[in-house]
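*Asks:* The following file, start_20.cif, comprises mmCIF, C-alpha atoms:
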data_final
#
loop_
_atom_site.label_atom_id
_atom_site.label_comp_id
_atom_site.auth_asym_id
_atom_site.auth_seq_id
_atom_site.Cartn_x
_atom_site.Cartn_y
_atom_site.Cartn_z
CA MET A 8 -44.40 76.31 -27.70
CA GLU A 9 -46.93 73.59 -26.91
CA GLN A 10 -45.23 71.15 -29.29
CA GLU A 11 -41.82 71.85 -27.76
CA GLN A 12 -43.26 71.35 -24.27
CA GLU A 13 -44.78 67.98 -25.27
CA GLU A 14 -41.46 66.84 -26.75
CA GLN A 15 -39.68 67.80 -23.52
CA GLU A 16 -42.21 65.87 -21.44
CA GLU A 17 -41.82 62.79 -23.62
CA THR A 18 -38.03 62.84 -23.30
CA PRO A 19 -36.98 60.56 -20.35
CA ARG A 20 -35.05 62.37 -17.67
CA PRO A 21 -31.69 60.94 -16.53
CA TRP A 22 -32.94 60.07 -13.04
CA ASN A 23 -35.80 58.08 -14.58
CA ARG A 24 -33.28 55.96 -16.46
CA ILE A 25 -31.26 55.44 -13.25
CA LEU A 26 -34.37 54.46 -11.30
CA SER A 27 -35.39 51.95 -13.97
CA ALA A 28 -31.90 50.44 -13.96
CA ILE A 29 -31.99 50.11 -10.15
CA ILE A 30 -35.38 48.36 -10.26
CA VAL A 31 -34.15 45.89 -12.89
CA LEU A 32 -31.00 45.24 -10.84
CA ILE A 33 -33.06 44.58 -7.70
CA ILE A 34 -35.29 42.11 -9.57
CA VAL A 35 -32.22 40.29 -10.90
CA ILE A 36 -30.69 40.08 -7.40
CA ILE A 37 -33.93 38.83 -5.84
CA GLY A 38 -34.25 36.19 -8.54
CA ALA A 39 -30.68 35.04 -7.97
CA VAL A 40 -31.18 34.79 -4.20
CA LEU A 41 -34.64 33.23 -4.15
CA GLY A 42 -34.07 30.89 -7.09
CA PRO A 43 -32.12 28.22 -5.16
CA ILE A 44 -34.48 28.56 -2.19
CA LEU A 45 -37.57 27.98 -4.30
CA GLN A 46 -35.93 24.98 -5.91
CA THR A 47 -35.52 23.28 -2.52
CA ASN A 48 -39.01 23.79 -1.17
CA LYS A 49 -41.04 21.03 0.41
CA SER A 50 -43.03 20.38 -2.76
CA ASP A 51 -39.87 18.87 -4.26
CA PRO A 52 -38.73 16.31 -1.67
CA LYS A 53 -35.79 15.04 -3.72
CA SER A 54 -34.04 18.39 -4.03
CA THR A 55 -34.78 19.13 -0.38
CA PHE A 56 -33.42 15.75 0.70
CA LEU A 57 -30.25 16.09 -1.38
CA SER A 58 -29.51 19.68 -0.35
CA ARG A 59 -29.95 18.85 3.33
CA CYS A 60 -27.95 15.65 3.02
CA LYS A 61 -24.97 17.43 1.45
CA LYS A 62 -24.53 19.50 4.60
CA PHE A 63 -23.24 16.39 6.37
CA ASN A 64 -20.44 15.65 3.83
CA GLN A 65 -20.27 11.99 4.80
CA TYR A 66 -22.42 9.97 2.44
CA ASP A 67 -23.35 9.49 -1.19
CA CYS A 68 -26.62 11.44 -1.03
CA GLN A 69 -27.95 10.14 -4.34
CA ARG A 70 -27.40 6.58 -3.10
CA LEU A 71 -29.31 7.38 0.07
CA TRP A 72 -32.17 8.90 -1.94
CA ASP A 73 -32.35 5.75 -4.06
CA ALA A 74 -32.52 3.60 -0.90
CA PHE A 75 -35.20 5.91 0.47
CA GLU A 76 -37.35 5.66 -2.67
CA GLN A 77 -37.13 1.87 -2.69
CA ALA A 78 -39.11 1.82 0.55
CA TYR A 79 -42.34 3.28 -0.88
CA VAL A 80 -42.20 3.87 -4.66
CA ASN A 81 -44.64 1.77 -6.71
CA LYS A 82 -46.33 0.57 -3.53
CA ASP A 83 -49.72 0.97 -1.90
CA PRO A 84 -49.28 4.07 0.35
CA CYS A 85 -51.13 2.24 3.13
CA ASN A 86 -48.90 -0.81 2.93
CA VAL A 87 -45.39 0.45 3.68
CA PRO A 88 -44.24 -1.31 6.88
CA VAL A 89 -41.42 -0.04 9.08
CA GLU A 90 -39.17 -2.79 7.74
CA ALA A 91 -39.31 -1.17 4.29
CA TYR A 92 -36.78 1.40 5.56
CA ASN A 93 -34.23 -1.15 6.80
CA ALA A 94 -31.99 -0.61 3.77
CA LEU A 95 -32.04 3.17 4.26
CA ILE A 96 -31.16 2.90 7.95
CA ALA A 97 -28.35 0.47 7.11
CA ALA A 98 -26.97 2.89 4.51
CA ALA A 99 -26.79 5.75 7.03
CA PRO A 100 -26.64 4.14 10.50
CA PHE A 101 -27.04 6.28 13.59
CA LYS A 102 -23.90 6.79 15.63
CA PRO A 103 -23.91 6.58 19.44
CA GLN A 104 -23.60 9.95 21.15
CA CYS A 105 -23.30 8.94 24.78
CA ASN A 106 -24.68 11.44 27.33
CA LYS A 107 -25.93 13.74 24.52
CA MET A 108 -28.97 11.95 23.08
CA MET A 109 -32.24 13.81 23.56
CA PHE A 110 -35.67 12.26 23.03
CA TRP A 111 -38.97 14.11 23.14
CA SER A 112 -42.75 13.84 23.11
CA LYS A 113 -45.16 16.69 22.31
CA THR A 114 -42.36 19.26 22.65
CA LYS A 115 -41.04 19.39 19.07
CA ASP A 116 -40.61 23.16 18.70
CA VAL A 117 -39.23 23.65 22.19
CA VAL A 118 -36.73 20.81 22.08
CA HIS A 119 -35.37 21.77 18.67
CA GLY A 120 -35.10 25.41 19.67
CA PHE A 121 -33.14 24.23 22.70
CA THR A 122 -30.80 21.82 20.90
CA ALA A 123 -30.14 24.38 18.16
CA LYS A 124 -28.54 26.58 20.82
CA ARG A 125 -26.80 23.71 22.63
CA LYS A 126 -25.53 21.50 19.82
CA ASP A 127 -22.45 20.69 21.86
CA CYS A 128 -24.61 19.24 24.65
CA PHE A 129 -27.66 17.54 23.10
CA ALA A 130 -28.78 15.94 19.84
CA THR A 131 -32.22 14.76 18.75
CA LEU A 132 -33.17 12.36 15.97
CA GLU A 133 -33.89 15.39 13.77
CA ASP A 134 -30.28 16.53 14.20
CA THR A 135 -28.99 13.38 12.48
CA LEU A 136 -28.57 13.08 8.71
CA LEU A 137 -31.77 11.15 7.99
CA GLY A 138 -33.85 12.96 10.59
CA TYR A 139 -32.72 16.35 9.32
CA ALA A 140 -33.12 15.45 5.64
CA LEU A 141 -36.74 14.28 6.05
CA ASN A 142 -37.96 16.54 8.85
CA GLY A 143 -41.24 18.23 7.93
CA LEU A 144 -41.63 16.46 4.58
CA THR A 145 -44.56 14.42 3.25
CA TRP A 146 -44.14 11.69 0.66
CA CYS A 147 -45.75 8.56 -0.74
CA GLY A 148 -45.86 6.39 -3.82
CA LYS A 149 -48.60 4.75 -5.84
CA GLU A 150 -48.89 1.31 -7.34
CA GLY A 151 -47.90 1.36 -10.98
CA SER A 152 -45.89 4.58 -10.67
CA ASN A 153 -42.19 5.26 -10.10
CA ASP A 154 -42.83 8.82 -8.95
CA THR A 155 -42.76 10.38 -5.49
CA PHE A 156 -45.92 12.26 -4.53
CA THR A 157 -46.37 14.97 -1.90
CA THR A 158 -50.14 15.42 -2.09
CA GLY A 159 -52.93 12.92 -1.56
CA CYS A 160 -50.72 10.89 0.77
CA PRO A 161 -52.76 9.07 3.45
CA ARG A 162 -51.74 9.53 7.08
CA LYS A 163 -54.58 7.79 8.90
CA CYS A 164 -53.68 4.24 7.87
CA GLU A 165 -51.12 2.61 10.15
CA ASN A 166 -48.50 1.65 7.57
CA ASN A 167 -48.27 4.94 5.69
CA PRO A 168 -44.79 5.88 4.38
CA VAL A 169 -44.17 8.88 6.64
CA ASP A 170 -45.16 7.34 9.98
CA SER A 171 -43.40 4.08 9.16
CA PHE A 172 -40.16 5.93 8.50
CA TRP A 173 -40.28 7.85 11.79
CA LYS A 174 -41.08 4.71 13.74
CA ARG A 175 -38.17 2.87 12.15
CA ALA A 176 -35.79 5.80 12.60
CA SER A 177 -36.89 6.31 16.21
CA ALA A 178 -36.23 2.65 16.96
CA ALA A 179 -32.78 2.78 15.37
CA TYR A 180 -31.89 6.00 17.20
CA ALA A 181 -32.99 4.53 20.53
CA ASP A 182 -30.99 1.36 19.85
CA VAL A 183 -27.73 3.32 20.01
CA ALA A 184 -28.64 5.33 23.14
CA CYS A 185 -25.93 5.18 25.76
CA GLY A 186 -24.83 6.80 28.99
CA ASP A 187 -27.16 9.39 30.49
CA VAL A 188 -30.18 9.82 28.20
CA THR A 189 -32.48 12.86 28.34
CA ALA A 190 -36.15 13.19 27.39
CA MET A 191 -38.13 16.42 27.13
CA LEU A 192 -41.86 15.99 27.86
CA SER A 193 -44.73 18.45 28.02
CA GLY A 194 -46.05 19.26 31.46
CA SER A 195 -48.88 21.22 29.88
CA THR A 196 -50.74 18.05 28.89
CA THR A 197 -52.71 15.69 31.11
CA THR A 198 -50.46 12.78 30.12
CA PRO A 199 -46.84 13.92 29.71
CA PHE A 200 -45.79 10.29 29.35
CA ASP A 201 -48.37 9.22 26.79
CA PRO A 202 -48.37 5.41 26.49
CA THR A 203 -49.52 5.71 22.87
CA SER A 204 -46.66 8.02 21.83
CA THR A 205 -43.66 6.95 19.78
CA PHE A 206 -41.46 7.77 22.76
CA ALA A 207 -43.35 5.34 25.00
CA ARG A 208 -44.12 2.56 22.51
CA VAL A 209 -40.92 2.56 20.47
CA GLU A 210 -38.04 4.42 22.09
CA VAL A 211 -38.20 3.76 25.84
CA THR A 212 -38.63 0.03 25.32
CA ARG A 213 -35.24 -0.04 23.56
CA PHE A 214 -33.23 1.62 26.31
CA LYS A 215 -31.09 -1.17 27.72
CA ALA A 216 -28.98 -1.19 30.87
CA PRO A 217 -26.09 -1.08 31.50
CA LYS A 218 -25.50 0.67 28.16
CA VAL A 219 -28.06 3.28 29.21
CA ARG A 220 -27.08 4.43 32.68
CA SER A 221 -29.99 6.77 33.43
CA LEU A 222 -33.00 8.54 31.91
CA ASN A 223 -33.36 12.18 32.89
CA VAL A 224 -36.75 13.74 32.19
CA VAL A 225 -37.05 17.47 31.55
CA MET A 226 -40.63 18.67 31.99
CA VAL A 227 -41.50 21.89 30.17
CA ILE A 228 -44.65 23.91 30.84
CA GLN A 229 -46.20 26.58 28.66
CA LYS A 230 -46.45 30.05 30.14
CA ASN A 231 -49.91 30.65 31.65
CA ALA A 232 -50.82 27.01 31.04
CA LYS A 233 -53.96 25.79 32.77
#
Let me see whether you can do it: turn the structure in this file into structure tokens.

*Replies:*
Amino acid sequence: MEQEQEEQEETPRPWNRILSAIIVLIIVIIGAVLGPILQTNKSDPKSTFLSRCKKFNQYDCQRLWDAFEQAYVNKDPCNVPVEAYNALIAAAPFKPQCNKMMFWSKTKDVVHGFTAKRKDCFATLEDTLLGYALNGLTWCGKEGSNDTFTTGCPRKCENNPVDSFWKRASAAYADVACGDVTAMLSGSTTTPFDPTSTFARVEVTRFKAPKVRSLNVVMVIQKNAK
């Protein structure tokens, strides 16, 4: 009797087989769903750039990536001037969007949350092909190497690859501003119009009348702000 009981206990029950099959199926599904996502994470800037670029269906994304790499690859990461990105900007020039262009300073999350819901009304630099493709990424090169690095990239030196790109892109985006231009600034800071900001130093100085008819400032304030 004891031997028969042990044999019965060792024999897998049907529902155990079904449960095991379900678990395997779930693992396969999760792998299939998360696989492409993990392949386009921020630690791999090329795949992220290309996947974001393809959403615009207008340009040769590999050609744009090559122009992007030429700006900083095999160079001192503290010696990449804004002019290094001229070829990239020329390959994907910003298009005028009169009366829809939105600029910002110290309101990144708020302004992008706003424009995401009102794409028909406003567009920021980060809504353009280059701005969207590189938003949130870190990159740099090193002398003697043809690789792109995402760690150990300096940000404190003035001519670092990331800051130089955003300065150059901001200038190019401001150059095509037209009609009624809008800027979203933070009223929760002591200096909403910070003279050291990219908006003040780079963008505003490029607004030219009569092409730019007016500049409307939207001041946002945090709830319970002091």

*Asks:* Do you know which residues the PyMOL selection byres ((chain A and resi 201-209) around 7) returns on this file, as an MDAnalysis selection string?

*Replies:* chainID A and resid 111:112 174 177:178 198:200 210:213

*Asks:* Residues at most 12 Å from segment 78-92 of chain A, counting all atoms listed in the file, excluding those fewer than 5 positions away in the same chain, as number ranges by chain?

*Replies:* A: 71-73, 97-100, 137, 145-179, 209

*Asks:* Taking into account all atoms listed in the file, which residue in the set A:Gln69, A:Asn223, A:Ser193, A:Ser58 is nearest to Lys115 of chain A?

*Replies:* A:Ser193

*Asks:* Out of A:Val188, A:Arg220, A:Ala130, A:Lys62, which residue has the shortest atom-to-atom distance to Phe101 of chain A when counting only C-alpha atoms?

*Replies:* A:Ala130

*Asks:* Can you tell me how far atom CA of Leu141 of chain A sits from atom CA of Phe56 of chain A, in Å to one decimal?

*Replies:* 6.5 Å

*Asks:* Just the residues within 6 Å of Leu57 of chain A, please, counting all atoms listed in the file, with nothing from its chain fewer than 3 positions along; format it as a PyMOL selection string.

*Replies:* chain A and resi 54+60+68

*Asks:* Exactly which residues make up the result of the PyMOL selection byres ((chain A and resi 131) around 8) on this file, given as a list of chain:residue names?

*Replies:*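 What the PyMOL selection byres ((chain A and resi 131) around 8) grabs from the file is A:Met108, A:Met109, A:Phe110, A:His119, A:Thr122, A:Phe129, A:Ala130, A:Leu132, A:Glu133, A:Asp134, A:Thr135.
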
*Asks:* Do you have the atom CA of Val224 of chain A-atom CA of Ala190 of chain A distance handy?

*Replies:*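 Calculated distance between atom CA of Val224 of chain A and atom CA of Ala190 of chain A is 4.9 Å.
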
*Asks:* Please report the interatomic distance between atom CA of Phe214 of chain A and atom CA of Leu136 of chain A in Å with one decimal.

*Replies:*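 It comes out at 21.5 Å.
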
*Asks:* Quick one: everything within 6 Å of Cys185 of chain A, counting all atoms listed in the file, minus sequence neighbours fewer than 2 positions away in the same chain. Send it as a ChimeraX atom specification.

*Replies:* /A:105,218-219

*Asks:* So, with all atoms listed in the file as the atoms that count, which of A:Lys107, A:Tyr180, A:Val117, A:Ser221 lies closest to Gly138 of chain A?

*Replies:*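 Residue with the minimum atom-to-atom distance to Gly138 of chain A: A:Tyr180.
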
*Asks:* Taking all atoms listed in the file into account, which of A:Ala74, A:Leu222, A:Tyr66, A:Pro217 comes nearest Thr189 of chain A?

*Replies:* A:Leu222
